[in-house]
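A short write-up of the structure that comes next.
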Number of protein chains: 2
Amino acid sequence: MTDALPQAGTVVVACCQLAPVLADPAANRELAAGAVAQAAASGASVILLPELLSSGYVFESPAEAQASAEATDGETITLWQRLSAEHHAVIVGGFCEKADGGPYNSAALIDHGELRCVYRKAHLWDAERLWFTPGDAAPPLVPTEVGLLSVMICYDLEFPEWVRLPALAGAQLLCAPVNWPAAPASRHPDGERAAEVIRVQADAGVNRMFIAACDRTGTERGVDWVAGSIVVDPDGWLLAEAPHAEATILAECRLVDALDKRVAALSDIHADRRPELYRQVASPAQTS
Amino acid sequence: MTDALPQAGTVVVACCQLAPVLADPAANRELAAGAVAQAAASGASVILLPELLSSGYVFESPAEAQASAEATDGETITLWQRLSAEHHAVIVGGFCEKADGGPYNSAALIDHGELRCVYRKAHLWDAERLWFTPGDAAPPLVPTEVGLLSVMICYDLEFPEWVRLPALAGAQLLCAPVNWPAAPASRHPDGERAAEVIRVQADAGVNRMFIAACDRTGTERGVDWVAGSIVVDPDGWLLAEAPHAEATILAECRLVDALDKRVAALSDIHADRRPELYRQVASPAQTS
């Protein structure tokens with residue numbers, strides 16, 4: 001385990017927006033190997049891969065999910081460890097995890113070859129609840145050479161209480177593998193970013209924390225995707241944004257910026273919270 | 001008190017983006033009277049006014065705030081009650097409240113002439129803490145003929161836990177008087193909406209609730225404003241957006257839409273919360 005404290009300077013964060021092949025872990029390992037090598041060659045030292053990259057997403061039965069699941073000592077995580085060691089990088093990627101009580105929709109964080117944590121998605125989206133067991137553990141905090149990292153997955157980002165947990169504990173960069181299904185046109189006005197992107201911008205801004213979200217692409221069983229990978233700064237602005245295609249995006253992040261929660265001379269976006277009030281239940285106003 | 005349950009159909013919500021005159025409550029009452037009459041003539045039955053419309057915002061001492069403060073039986077609220085009765089409308093506006101332990105940065109909700117609640121801002125921005133006492137009460141829930149309304153003020157919107165309270169209690173429209181100070185150009189990329197607007201979009205979307213935020217305009221003691229009044233729907237999209245000027249924006253809102261929290265066949269954005277997990281404190285990941 002690396003005990004290094006966060007350091008000054010910038011780190012290049014990459015999101016590899018890939019098109020996984022459903023139920024073909026071997027093919028998906030090849031995708032990862034190529035993308036990680038390319039991102040590392042571009043200078044990235046934190047490299048994200050999409051949610052459920054090992055397996056694809058659009059299952060139709062628990063048996064399908066189970067058949068694609070791999071344990072943490074399986075070939076996928078073993079390969080990612082080798083890639084992480086070879087490229088001196090942190091890799092955060094989503095995989096279909098075989099384990100007691102599972103399968104789980106999980107993400108691994110691997111640092112210089114060492115598996116530092118496995119996070120299991122706590123908020124399961126739509127039909128995921130039919131094949132996955134939800135995780136119960138808070139998003140992990142992983143101290144690394146580049147700073148304090150955390151991990152969550154896709155729909156987790158829509159629960160601001162969940163994002164608060166690592167943010168309040170000092171996470172500088174939240175790494176989020178996602179598979180954002182494209183919204184129907186009727187729910188997405190022309191010219192607007194995806195709603196999921198806007199929520200990540202808000203998550204970052206109200207916590208002054210960097211967030212990288214690595215999405216997927218490639219139609220799967222008729223499902224299309226936002227293909228909206230982003231890296232967002234602590235003000236909530238986009239440092240990098242993917243096109244609607246396979247692509248690797250890169251952003252230089254000065255992670256120490258996330259340690260400063262001041263938003264005005266006397267305002268600190270975390271210290272200004274009033275948690276003792278948040279346990280109230282709103283009730284009808286007293287009439288005058 | 002109106003005990004009517006929320007009804008189907010749409011309601012026109014107006015935000016009157018005004019330029020208050022610092023320390024001149026009489027002038028500001030005239031502004032309100034003109035704007036409310038115009039909004040009502042345009043069909044609005046919920047009419048928002050900015051934060052601290054009675055007094056202006058940029059105080060330089062507690063004495064200044066105290067000098068502009070008015071009790072709820074003072075001329076400002078009395079006028080707003082008369083306007084509300086005359087125009088058969090709900091008015092939600094911000095005022096500098098004189099009361100025991102105050103002054104407070106408050107907002108009144110008046111329904112057909114009746115003062116239904118006074119909400120006191122709980123999260124004070126920057127120098128506000130030098131002249132105002134923060135409120136401790138949760139955002140109110142106010143049943144009206146058009147639906148269940150709630151109220152908060154400006155910086156409160158940057159605390160997702162606070163927005164959750166009325167949303168979880170069934171609020172359909174959150175009415176927020178705001179005074180959003182303009183960000184320095186270095187913290188606002190060209191072509192982007194204000195960060196505050198993006199956060200309101202996220203607040204609305206993760207709760208499937210309408211939010212109207214009524215901003216101000218008019219430079220005051222050198223401070224400029226976003227002048228970014230908006231009405232946002234439960235998907236987080238903008239139904240109306242103000243220009244950088246004095247303006248009244250109008251949006252037709254079908255408030256029953258906020259009663260349906262489904263976001264996919266098996267997903268409900270409120271029921272999918274896992275509050276029992278949100279009491280955790282994130283801690284360093286176990287190493288493998």
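Ligands are numbered from 1 in the order shown, residues from 1 within each chain, and chains are lettered A, B, ... in the order they appear in the structure tokens.
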Residues flagged strand (DSSP E) by DSSP in stretch 120-256 of chain A, as a ChimeraX atom specification: /A:120,141-143,148-151,173-177,210-214,230-232,238-241,247-253
Chain B residues near chain A (7 Å cut-off, only C-alpha atoms) as a ChimeraX atom specification: /B:115-117,123,125-127,136,138-142,158,160-162,165-166,169,198-199,202,206,264-267,272,277-278,280-288
Print the selection's residues with N, CA, C and O atoms to a file, as a short mmCIF file (atom, residue, chain, number, x, y, z; two decimals), in the first residue's frame.
```
data_model
loop_
_atom_site.label_atom_id
_atom_site.label_comp_id
_atom_site.auth_asym_id
_atom_site.auth_seq_id
_atom_site.Cartn_x
_atom_site.Cartn_y
_atom_site.Cartn_z
N LEU B 115 -50.69 35.55 4.47
CA LEU B 115 -49.29 35.19 4.71
C LEU B 115 -49.23 33.77 5.22
O LEU B 115 -49.64 33.48 6.35
N ARG B 116 -48.74 32.86 4.38
CA ARG B 116 -48.78 31.44 4.75
C ARG B 116 -47.52 31.00 5.47
O ARG B 116 -47.54 30.06 6.25
N CYS B 117 -46.39 31.60 5.14
CA CYS B 117 -45.18 31.25 5.88
C CYS B 117 -44.10 32.29 5.64
O CYS B 117 -44.11 33.02 4.64
N HIS B 123 -28.58 28.86 5.15
CA HIS B 123 -27.18 28.86 4.73
C HIS B 123 -26.84 30.28 4.26
O HIS B 123 -27.23 30.67 3.16
N TRP B 125 -24.60 33.22 2.89
CA TRP B 125 -23.48 33.34 1.96
C TRP B 125 -22.52 34.44 2.42
O TRP B 125 -22.94 35.56 2.69
N ASP B 126 -21.25 34.09 2.47
CA ASP B 126 -20.17 35.07 2.63
C ASP B 126 -20.49 36.10 3.73
O ASP B 126 -20.78 35.71 4.85
N ALA B 127 -20.47 37.39 3.43
CA ALA B 127 -20.62 38.42 4.46
C ALA B 127 -22.01 38.49 5.08
O ALA B 127 -22.20 39.16 6.10
N ASP B 136 -33.20 28.23 11.36
CA ASP B 136 -32.96 26.84 11.76
C ASP B 136 -34.06 25.90 11.29
O ASP B 136 -33.94 24.69 11.46
N ALA B 138 -36.63 23.84 8.78
CA ALA B 138 -36.64 23.23 7.45
C ALA B 138 -37.46 24.07 6.49
O ALA B 138 -38.35 24.82 6.91
N PRO B 139 -37.18 23.95 5.20
CA PRO B 139 -38.03 24.64 4.21
C PRO B 139 -39.49 24.25 4.42
O PRO B 139 -39.79 23.08 4.66
N PRO B 140 -40.39 25.22 4.37
CA PRO B 140 -41.81 24.94 4.66
C PRO B 140 -42.49 24.18 3.52
O PRO B 140 -42.04 24.20 2.38
N LEU B 141 -43.56 23.53 3.88
CA LEU B 141 -44.44 22.91 2.88
C LEU B 141 -45.75 23.66 2.93
O LEU B 141 -46.37 23.75 4.00
N VAL B 142 -46.17 24.18 1.80
CA VAL B 142 -47.38 25.00 1.78
C VAL B 142 -48.36 24.45 0.75
O VAL B 142 -48.17 24.61 -0.46
N GLU B 158 -27.43 25.22 -2.89
CA GLU B 158 -26.14 24.55 -3.13
C GLU B 158 -25.92 23.40 -2.14
O GLU B 158 -24.85 22.79 -2.14
N PRO B 160 -27.50 19.98 -1.37
CA PRO B 160 -28.50 19.02 -1.86
C PRO B 160 -29.30 18.37 -0.74
O PRO B 160 -30.45 17.98 -0.95
N GLU B 161 -28.71 18.29 0.46
CA GLU B 161 -29.44 17.73 1.60
C GLU B 161 -30.64 18.59 1.95
O GLU B 161 -31.66 18.10 2.46
N TRP B 162 -30.48 19.90 1.77
CA TRP B 162 -31.55 20.85 2.10
C TRP B 162 -32.68 20.76 1.09
O TRP B 162 -33.85 20.78 1.44
N LEU B 165 -35.17 17.86 1.63
CA LEU B 165 -36.19 17.86 2.69
C LEU B 165 -37.58 18.15 2.13
O LEU B 165 -38.49 17.33 2.32
N PRO B 166 -37.79 19.26 1.44
CA PRO B 166 -39.14 19.45 0.88
C PRO B 166 -39.45 18.46 -0.24
O PRO B 166 -40.60 18.04 -0.40
N ALA B 169 -40.75 15.31 1.06
CA ALA B 169 -42.06 15.52 1.69
C ALA B 169 -43.14 15.82 0.64
O ALA B 169 -44.28 16.10 1.01
N ILE B 198 -26.76 25.49 -13.22
CA ILE B 198 -26.49 24.06 -13.41
C ILE B 198 -26.85 23.29 -12.14
O ILE B 198 -27.41 22.19 -12.20
N ARG B 199 -26.55 23.89 -11.00
CA ARG B 199 -26.87 23.20 -9.73
C ARG B 199 -28.37 23.09 -9.52
O ARG B 199 -28.86 22.08 -9.01
N ALA B 202 -29.66 20.28 -11.59
CA ALA B 202 -29.40 19.00 -10.92
C ALA B 202 -30.33 18.79 -9.73
O ALA B 202 -30.89 17.70 -9.55
N VAL B 206 -32.64 15.39 -9.83
CA VAL B 206 -32.46 14.26 -8.92
C VAL B 206 -33.64 14.14 -7.94
O VAL B 206 -33.69 13.19 -7.17
N ALA B 264 -37.31 5.20 -14.76
CA ALA B 264 -37.19 4.04 -15.65
C ALA B 264 -38.22 3.03 -15.16
O ALA B 264 -38.83 3.22 -14.10
N ALA B 265 -38.40 1.95 -15.90
CA ALA B 265 -39.46 0.99 -15.56
C ALA B 265 -39.36 0.56 -14.10
O ALA B 265 -40.37 0.50 -13.39
N LEU B 266 -38.16 0.28 -13.63
CA LEU B 266 -37.99 -0.22 -12.26
C LEU B 266 -37.30 0.78 -11.34
O LEU B 266 -36.95 0.45 -10.21
N SER B 267 -37.06 1.99 -11.83
CA SER B 267 -36.33 2.97 -11.02
C SER B 267 -37.20 4.15 -10.62
O SER B 267 -37.94 4.69 -11.45
N ASP B 272 -35.31 4.77 -4.73
CA ASP B 272 -34.00 4.13 -4.91
C ASP B 272 -32.94 4.67 -3.96
O ASP B 272 -31.82 4.15 -3.92
N LEU B 277 -27.62 3.91 4.41
CA LEU B 277 -26.18 3.90 4.09
C LEU B 277 -25.56 5.29 4.17
O LEU B 277 -24.34 5.41 4.20
N TYR B 278 -26.39 6.32 4.18
CA TYR B 278 -25.84 7.68 4.07
C TYR B 278 -25.29 8.18 5.39
O TYR B 278 -24.72 9.26 5.44
N GLN B 280 -23.01 6.54 6.94
CA GLN B 280 -21.63 6.07 7.02
C GLN B 280 -20.64 7.23 6.90
O GLN B 280 -20.95 8.28 6.37
N VAL B 281 -19.45 6.99 7.39
CA VAL B 281 -18.35 7.90 7.13
C VAL B 281 -17.38 7.14 6.24
O VAL B 281 -16.99 6.01 6.56
N ALA B 282 -17.03 7.73 5.12
CA ALA B 282 -16.11 7.05 4.21
C ALA B 282 -14.75 6.92 4.90
O ALA B 282 -14.31 7.83 5.61
N SER B 283 -14.10 5.80 4.69
CA SER B 283 -12.80 5.57 5.32
C SER B 283 -11.89 4.86 4.32
O SER B 283 -12.37 4.31 3.33
N PRO B 284 -10.58 4.88 4.57
CA PRO B 284 -9.67 4.29 3.61
C PRO B 284 -10.04 2.84 3.28
O PRO B 284 -10.44 2.08 4.16
N ALA B 285 -9.93 2.52 2.01
CA ALA B 285 -10.28 1.19 1.54
C ALA B 285 -9.37 0.15 2.18
O ALA B 285 -8.19 0.41 2.43
N GLN B 286 -9.93 -1.00 2.45
CA GLN B 286 -9.11 -2.15 2.85
C GLN B 286 -8.24 -2.54 1.66
O GLN B 286 -8.73 -2.61 0.54
N THR B 287 -7.00 -2.77 1.91
CA THR B 287 -6.16 -3.25 0.81
C THR B 287 -6.35 -4.75 0.68
O THR B 287 -6.73 -5.42 1.64
N SER B 288 -6.10 -5.22 -0.51
CA SER B 288 -6.35 -6.64 -0.78
C SER B 288 -5.27 -7.50 -0.16
O SER B 288 -4.23 -6.99 0.25
#
```
For stretch 39-51 of chain B: contacts at 7 Å, only C-alpha atoms, fewer than 2 positions along chain excluded, given as JSON, numbers by chain: {"B": [11, 12, 13, 14, 15, 16, 17, 35, 36, 37, 53, 87, 88, 89, 90, 91, 92, 93, 94, 95, 153, 177, 178, 179, 214, 215, 216, 248]}
For those residues, write N, CA, C and O atoms to a file as a CSV table (one decimal), in the first residue's frame.
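The new file out.csv reads:
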```csv
chain,number,residue,atom,x,y,z
B,11,VAL,N,-50.0,25.5,-14.3
B,11,VAL,CA,-50.0,26.8,-13.7
B,11,VAL,C,-48.9,27.6,-14.3
B,11,VAL,O,-47.9,27.0,-14.7
B,12,VAL,N,-49.1,28.9,-14.4
B,12,VAL,CA,-48.1,29.8,-15.0
B,12,VAL,C,-47.3,30.3,-13.8
B,12,VAL,O,-47.9,31.0,-12.9
B,13,VAL,N,-46.0,30.1,-13.8
B,13,VAL,CA,-45.1,30.5,-12.8
B,13,VAL,C,-44.3,31.7,-13.4
B,13,VAL,O,-43.7,31.6,-14.5
B,14,ALA,N,-44.2,32.8,-12.7
B,14,ALA,CA,-43.4,34.0,-13.1
B,14,ALA,C,-42.3,34.3,-12.2
B,14,ALA,O,-42.4,34.1,-11.0
B,15,CYS,N,-41.2,34.7,-12.7
B,15,CYS,CA,-40.1,35.2,-11.9
B,15,CYS,C,-39.9,36.7,-12.4
B,15,CYS,O,-39.6,36.9,-13.6
B,16,CYS,N,-40.0,37.6,-11.5
B,16,CYS,CA,-39.8,39.0,-11.8
B,16,CYS,C,-38.4,39.4,-11.4
B,16,CYS,O,-38.1,39.7,-10.3
B,17,GLN,N,-37.5,39.5,-12.4
B,17,GLN,CA,-36.1,39.8,-12.2
B,17,GLN,C,-36.0,41.3,-12.2
B,17,GLN,O,-36.0,42.0,-13.2
B,35,ALA,N,-44.4,44.9,-11.1
B,35,ALA,CA,-44.0,43.6,-11.7
B,35,ALA,C,-45.1,42.6,-11.4
B,35,ALA,O,-45.4,41.8,-12.3
B,36,VAL,N,-45.7,42.6,-10.2
B,36,VAL,CA,-46.7,41.6,-9.9
B,36,VAL,C,-47.9,41.9,-10.8
B,36,VAL,O,-48.5,40.9,-11.4
B,37,ALA,N,-48.3,43.1,-11.0
B,37,ALA,CA,-49.4,43.4,-11.9
B,37,ALA,C,-49.2,42.9,-13.3
B,37,ALA,O,-50.1,42.3,-13.9
B,53,LEU,N,-35.6,41.7,-1.8
B,53,LEU,CA,-36.1,42.8,-2.6
B,53,LEU,C,-36.5,44.0,-1.8
B,53,LEU,O,-36.4,45.2,-2.3
B,87,HIS,N,-54.7,40.1,-7.2
B,87,HIS,CA,-54.3,39.4,-8.4
B,87,HIS,C,-54.6,37.9,-8.3
B,87,HIS,O,-54.3,37.1,-9.2
B,88,HIS,N,-55.2,37.5,-7.2
B,88,HIS,CA,-55.5,36.0,-7.0
B,88,HIS,C,-54.3,35.2,-7.3
B,88,HIS,O,-54.4,34.2,-8.1
B,89,ALA,N,-53.2,35.5,-6.7
B,89,ALA,CA,-51.9,34.9,-7.0
B,89,ALA,C,-51.2,34.5,-5.7
B,89,ALA,O,-51.4,35.1,-4.6
B,90,VAL,N,-50.3,33.5,-5.8
B,90,VAL,CA,-49.3,33.3,-4.8
B,90,VAL,C,-48.1,34.2,-5.1
B,90,VAL,O,-47.7,34.2,-6.3
B,91,ILE,N,-47.6,34.9,-4.1
B,91,ILE,CA,-46.4,35.7,-4.2
B,91,ILE,C,-45.4,35.1,-3.3
B,91,ILE,O,-45.7,34.8,-2.1
B,92,VAL,N,-44.2,34.9,-3.8
B,92,VAL,CA,-43.0,34.5,-3.0
B,92,VAL,C,-41.9,35.5,-3.2
B,92,VAL,O,-41.4,35.6,-4.3
B,93,GLY,N,-41.6,36.2,-2.1
B,93,GLY,CA,-40.5,37.2,-2.3
B,93,GLY,C,-39.6,37.3,-1.1
B,93,GLY,O,-40.0,36.9,0.0
B,94,GLY,N,-38.4,37.8,-1.3
B,94,GLY,CA,-37.4,37.9,-0.3
B,94,GLY,C,-37.5,39.3,0.4
B,94,GLY,O,-37.6,40.3,-0.3
B,95,PHE,N,-37.3,39.3,1.7
B,95,PHE,CA,-37.3,40.6,2.4
B,95,PHE,C,-36.4,40.5,3.6
B,95,PHE,O,-36.0,39.5,4.1
B,153,ILE,N,-33.8,29.9,-0.1
B,153,ILE,CA,-33.2,31.1,-0.6
B,153,ILE,C,-31.8,30.9,-1.1
B,153,ILE,O,-30.9,30.5,-0.3
B,177,PRO,N,-36.3,32.7,-4.1
B,177,PRO,CA,-35.7,34.0,-4.3
B,177,PRO,C,-34.2,33.9,-4.2
B,177,PRO,O,-33.7,33.3,-3.3
B,178,VAL,N,-33.5,34.5,-5.1
B,178,VAL,CA,-32.0,34.5,-5.1
B,178,VAL,C,-31.4,35.8,-5.5
B,178,VAL,O,-32.1,36.7,-6.1
B,179,ASN,N,-30.2,36.0,-5.1
B,179,ASN,CA,-29.3,37.1,-5.5
B,179,ASN,C,-28.0,36.5,-5.9
B,179,ASN,O,-27.2,36.3,-5.0
B,214,CYS,N,-35.7,33.1,-8.7
B,214,CYS,CA,-35.9,34.5,-9.2
B,214,CYS,C,-34.7,35.3,-8.7
B,214,CYS,O,-34.6,35.6,-7.6
B,215,ASP,N,-33.9,35.7,-9.7
B,215,ASP,CA,-32.7,36.5,-9.4
B,215,ASP,C,-33.0,38.0,-9.6
B,215,ASP,O,-34.1,38.4,-9.9
B,216,ARG,N,-32.0,38.8,-9.3
B,216,ARG,CA,-32.1,40.2,-9.4
B,216,ARG,C,-31.1,40.7,-10.5
B,216,ARG,O,-30.3,39.9,-11.1
B,248,THR,N,-39.4,39.8,-16.8
B,248,THR,CA,-40.3,38.8,-16.2
B,248,THR,C,-40.3,37.6,-17.1
B,248,THR,O,-40.6,37.8,-18.2
```
Stretch 251-256 of chain B surroundings by only C-alpha atoms, 9 Å radius, close-in-sequence under 2 positions cut, as JSON, numbers by chain: {"B": [6, 7, 8, 9, 10, 11, 12, 13, 14, 15, 44, 146, 147, 148, 172, 173, 209, 210, 231, 232, 233, 239, 240, 249, 258, 259, 260]}
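Rounded to one decimal, atom CA of A:Pro103 and atom CA of A:Ile230 lie 27.8 Å from each other.
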DSSP alpha helix (DSSP H) selection over stretch 9-72 of chain A, as a ChimeraX atom specification: /A:25-41,62-68
Requested write-out: all heavy atoms of the selected residues, as a compact mmCIF listing (two decimals), in the first residue's frame:
```txt
# COMPACT_ATOMS: atom_id res chain seq x y z
N PRO A 25 -15.64 -11.62 -22.36
CA PRO A 25 -14.59 -11.04 -21.53
C PRO A 25 -13.22 -11.03 -22.21
O PRO A 25 -12.46 -10.07 -22.00
CB PRO A 25 -14.59 -11.94 -20.28
CG PRO A 25 -15.99 -12.46 -20.19
CD PRO A 25 -16.42 -12.65 -21.62
N ALA A 26 -12.93 -12.02 -23.02
CA ALA A 26 -11.61 -12.05 -23.66
C ALA A 26 -11.47 -10.88 -24.64
O ALA A 26 -10.44 -10.19 -24.67
CB ALA A 26 -11.41 -13.39 -24.39
N ALA A 27 -12.50 -10.65 -25.42
CA ALA A 27 -12.47 -9.52 -26.36
C ALA A 27 -12.35 -8.20 -25.60
O ALA A 27 -11.63 -7.27 -26.02
CB ALA A 27 -13.73 -9.51 -27.23
N ASN A 28 -13.03 -8.13 -24.48
CA ASN A 28 -13.01 -6.88 -23.71
C ASN A 28 -11.67 -6.65 -23.02
O ASN A 28 -11.28 -5.50 -22.79
CB ASN A 28 -14.19 -6.88 -22.72
CG ASN A 28 -15.52 -6.86 -23.45
OD1 ASN A 28 -15.63 -6.26 -24.54
ND2 ASN A 28 -16.52 -7.53 -22.91
N ARG A 29 -10.98 -7.72 -22.71
CA ARG A 29 -9.63 -7.55 -22.18
C ARG A 29 -8.72 -6.94 -23.24
O ARG A 29 -7.89 -6.08 -22.95
CB ARG A 29 -9.07 -8.90 -21.69
CG ARG A 29 -9.64 -9.33 -20.36
CD ARG A 29 -8.88 -10.50 -19.75
NE ARG A 29 -9.13 -11.76 -20.43
CZ ARG A 29 -10.18 -12.56 -20.18
NH1 ARG A 29 -11.07 -12.23 -19.26
NH2 ARG A 29 -10.31 -13.70 -20.84
N GLU A 30 -8.90 -7.37 -24.47
CA GLU A 30 -8.09 -6.79 -25.55
C GLU A 30 -8.37 -5.30 -25.73
O GLU A 30 -7.46 -4.50 -25.93
CB GLU A 30 -8.36 -7.51 -26.88
CG GLU A 30 -7.65 -8.82 -26.97
CD GLU A 30 -7.58 -9.33 -28.42
OE1 GLU A 30 -7.40 -8.51 -29.35
OE2 GLU A 30 -7.72 -10.55 -28.61
N LEU A 31 -9.66 -4.96 -25.65
CA LEU A 31 -10.02 -3.54 -25.74
C LEU A 31 -9.31 -2.73 -24.66
O LEU A 31 -8.76 -1.66 -24.91
CB LEU A 31 -11.53 -3.36 -25.54
CG LEU A 31 -12.47 -3.67 -26.70
CD1 LEU A 31 -13.91 -3.43 -26.25
CD2 LEU A 31 -12.13 -2.75 -27.89
N ALA A 32 -9.34 -3.28 -23.43
CA ALA A 32 -8.72 -2.57 -22.31
C ALA A 32 -7.22 -2.43 -22.53
O ALA A 32 -6.65 -1.35 -22.29
CB ALA A 32 -9.01 -3.30 -21.00
N ALA A 33 -6.60 -3.49 -22.96
CA ALA A 33 -5.13 -3.46 -23.13
C ALA A 33 -4.73 -2.38 -24.13
O ALA A 33 -3.79 -1.60 -23.90
CB ALA A 33 -4.63 -4.83 -23.58
N GLY A 34 -5.46 -2.32 -25.24
CA GLY A 34 -5.14 -1.31 -26.26
C GLY A 34 -5.38 0.10 -25.75
O GLY A 34 -4.55 1.01 -25.93
N ALA A 35 -6.50 0.30 -25.07
CA ALA A 35 -6.87 1.64 -24.62
C ALA A 35 -5.94 2.13 -23.52
O ALA A 35 -5.53 3.30 -23.52
CB ALA A 35 -8.32 1.64 -24.13
N VAL A 36 -5.61 1.26 -22.60
CA VAL A 36 -4.73 1.67 -21.50
C VAL A 36 -3.35 2.02 -22.05
O VAL A 36 -2.75 3.03 -21.64
CB VAL A 36 -4.64 0.57 -20.42
CG1 VAL A 36 -3.50 0.84 -19.44
CG2 VAL A 36 -5.97 0.45 -19.68
N ALA A 37 -2.84 1.22 -22.98
CA ALA A 37 -1.51 1.51 -23.55
C ALA A 37 -1.51 2.87 -24.24
O ALA A 37 -0.59 3.67 -24.09
CB ALA A 37 -1.11 0.41 -24.54
N GLN A 38 -2.60 3.15 -24.94
CA GLN A 38 -2.69 4.42 -25.66
C GLN A 38 -2.80 5.60 -24.69
O GLN A 38 -2.14 6.62 -24.87
CB GLN A 38 -3.91 4.38 -26.60
CG GLN A 38 -3.97 5.55 -27.56
CD GLN A 38 -5.41 5.96 -27.88
OE1 GLN A 38 -6.32 5.13 -27.81
NE2 GLN A 38 -5.61 7.22 -28.23
N ALA A 39 -3.61 5.43 -23.67
CA ALA A 39 -3.77 6.51 -22.68
C ALA A 39 -2.45 6.77 -21.96
O ALA A 39 -2.06 7.93 -21.74
CB ALA A 39 -4.87 6.15 -21.69
N ALA A 40 -1.77 5.71 -21.59
CA ALA A 40 -0.49 5.86 -20.89
C ALA A 40 0.53 6.54 -21.80
O ALA A 40 1.29 7.41 -21.35
CB ALA A 40 0.01 4.50 -20.42
N ALA A 41 0.51 6.17 -23.06
CA ALA A 41 1.44 6.79 -24.01
C ALA A 41 1.16 8.29 -24.16
O ALA A 41 2.05 9.08 -24.48
CB ALA A 41 1.36 6.10 -25.37
N PRO A 62 -30.58 -13.32 -14.98
CA PRO A 62 -29.52 -13.49 -13.99
C PRO A 62 -28.45 -14.46 -14.47
O PRO A 62 -27.26 -14.27 -14.20
CB PRO A 62 -30.27 -14.03 -12.77
CG PRO A 62 -31.67 -13.56 -12.94
CD PRO A 62 -31.92 -13.56 -14.42
N ALA A 63 -28.86 -15.48 -15.20
CA ALA A 63 -27.89 -16.48 -15.66
C ALA A 63 -26.85 -15.85 -16.58
O ALA A 63 -25.66 -16.20 -16.55
CB ALA A 63 -28.62 -17.62 -16.39
N GLU A 64 -27.29 -14.92 -17.43
CA GLU A 64 -26.34 -14.25 -18.31
C GLU A 64 -25.30 -13.46 -17.52
O GLU A 64 -24.11 -13.48 -17.84
CB GLU A 64 -27.06 -13.29 -19.27
CG GLU A 64 -27.74 -13.98 -20.43
CD GLU A 64 -28.20 -12.97 -21.49
OE1 GLU A 64 -28.19 -11.74 -21.23
OE2 GLU A 64 -28.57 -13.43 -22.59
N ALA A 65 -25.77 -12.74 -16.51
CA ALA A 65 -24.83 -11.97 -15.69
C ALA A 65 -23.86 -12.90 -14.98
O ALA A 65 -22.64 -12.69 -14.95
CB ALA A 65 -25.59 -11.11 -14.68
N GLN A 66 -24.42 -13.97 -14.42
CA GLN A 66 -23.58 -14.95 -13.71
C GLN A 66 -22.53 -15.54 -14.64
O GLN A 66 -21.36 -15.72 -14.25
CB GLN A 66 -24.50 -16.04 -13.15
CG GLN A 66 -23.85 -16.92 -12.11
CD GLN A 66 -23.57 -16.18 -10.79
OE1 GLN A 66 -24.49 -15.71 -10.14
NE2 GLN A 66 -22.31 -16.06 -10.42
N ALA A 67 -22.93 -15.82 -15.87
CA ALA A 67 -22.00 -16.47 -16.81
C ALA A 67 -20.84 -15.57 -17.18
O ALA A 67 -19.74 -16.05 -17.50
CB ALA A 67 -22.77 -16.90 -18.07
N SER A 68 -21.06 -14.24 -17.14
CA SER A 68 -19.97 -13.31 -17.49
C SER A 68 -19.17 -12.86 -16.28
O SER A 68 -18.19 -12.13 -16.43
CB SER A 68 -20.56 -12.06 -18.16
OG SER A 68 -20.94 -12.36 -19.49
```
For atom CA of B:Asp111 and atom CA of B:Ala245, the interatomic separation in Å (one decimal): 27.7 Å
Residues near A:Lys121, anyone? I mean within 7 Å using only C-alpha atoms, not counting same-chain ones fewer than 5 positions away, as a compact mmCIF listing (two decimals) with all heavy atoms, in the first residue's frame.
```txt
# COMPACT_ATOMS: atom_id res chain seq x y z
N ASN A 105 -22.20 -5.51 -9.55
CA ASN A 105 -21.75 -4.54 -10.55
C ASN A 105 -20.66 -3.73 -9.85
O ASN A 105 -20.95 -2.83 -9.05
CB ASN A 105 -22.93 -3.66 -10.96
CG ASN A 105 -22.56 -2.64 -12.02
OD1 ASN A 105 -21.38 -2.30 -12.17
ND2 ASN A 105 -23.55 -2.13 -12.73
N SER A 106 -19.41 -4.07 -10.14
CA SER A 106 -18.28 -3.59 -9.33
C SER A 106 -17.30 -2.77 -10.13
O SER A 106 -17.33 -2.75 -11.37
CB SER A 106 -17.54 -4.79 -8.72
OG SER A 106 -18.38 -5.47 -7.81
N PRO A 134 -26.91 -5.38 -4.68
CA PRO A 134 -26.32 -4.05 -4.44
C PRO A 134 -25.23 -4.12 -3.37
O PRO A 134 -25.31 -4.92 -2.44
CB PRO A 134 -27.51 -3.23 -3.94
CG PRO A 134 -28.46 -4.23 -3.36
CD PRO A 134 -28.28 -5.50 -4.15
N GLY A 135 -24.23 -3.27 -3.51
CA GLY A 135 -23.22 -3.12 -2.45
C GLY A 135 -23.77 -2.30 -1.30
O GLY A 135 -24.72 -1.54 -1.47
N MET A 152 -17.13 5.48 -7.51
CA MET A 152 -18.52 5.01 -7.49
C MET A 152 -18.93 4.72 -8.92
O MET A 152 -18.12 4.90 -9.85
CB MET A 152 -19.46 5.98 -6.77
CG MET A 152 -19.65 7.33 -7.36
SD MET A 152 -20.81 8.35 -6.37
CE MET A 152 -19.94 8.48 -4.82
N ILE A 153 -20.17 4.26 -9.10
CA ILE A 153 -20.56 3.76 -10.42
C ILE A 153 -21.90 4.37 -10.85
O ILE A 153 -22.92 4.21 -10.18
CB ILE A 153 -20.65 2.21 -10.42
CG1 ILE A 153 -19.30 1.59 -10.02
CG2 ILE A 153 -21.10 1.70 -11.78
CD1 ILE A 153 -19.33 0.07 -9.85
```
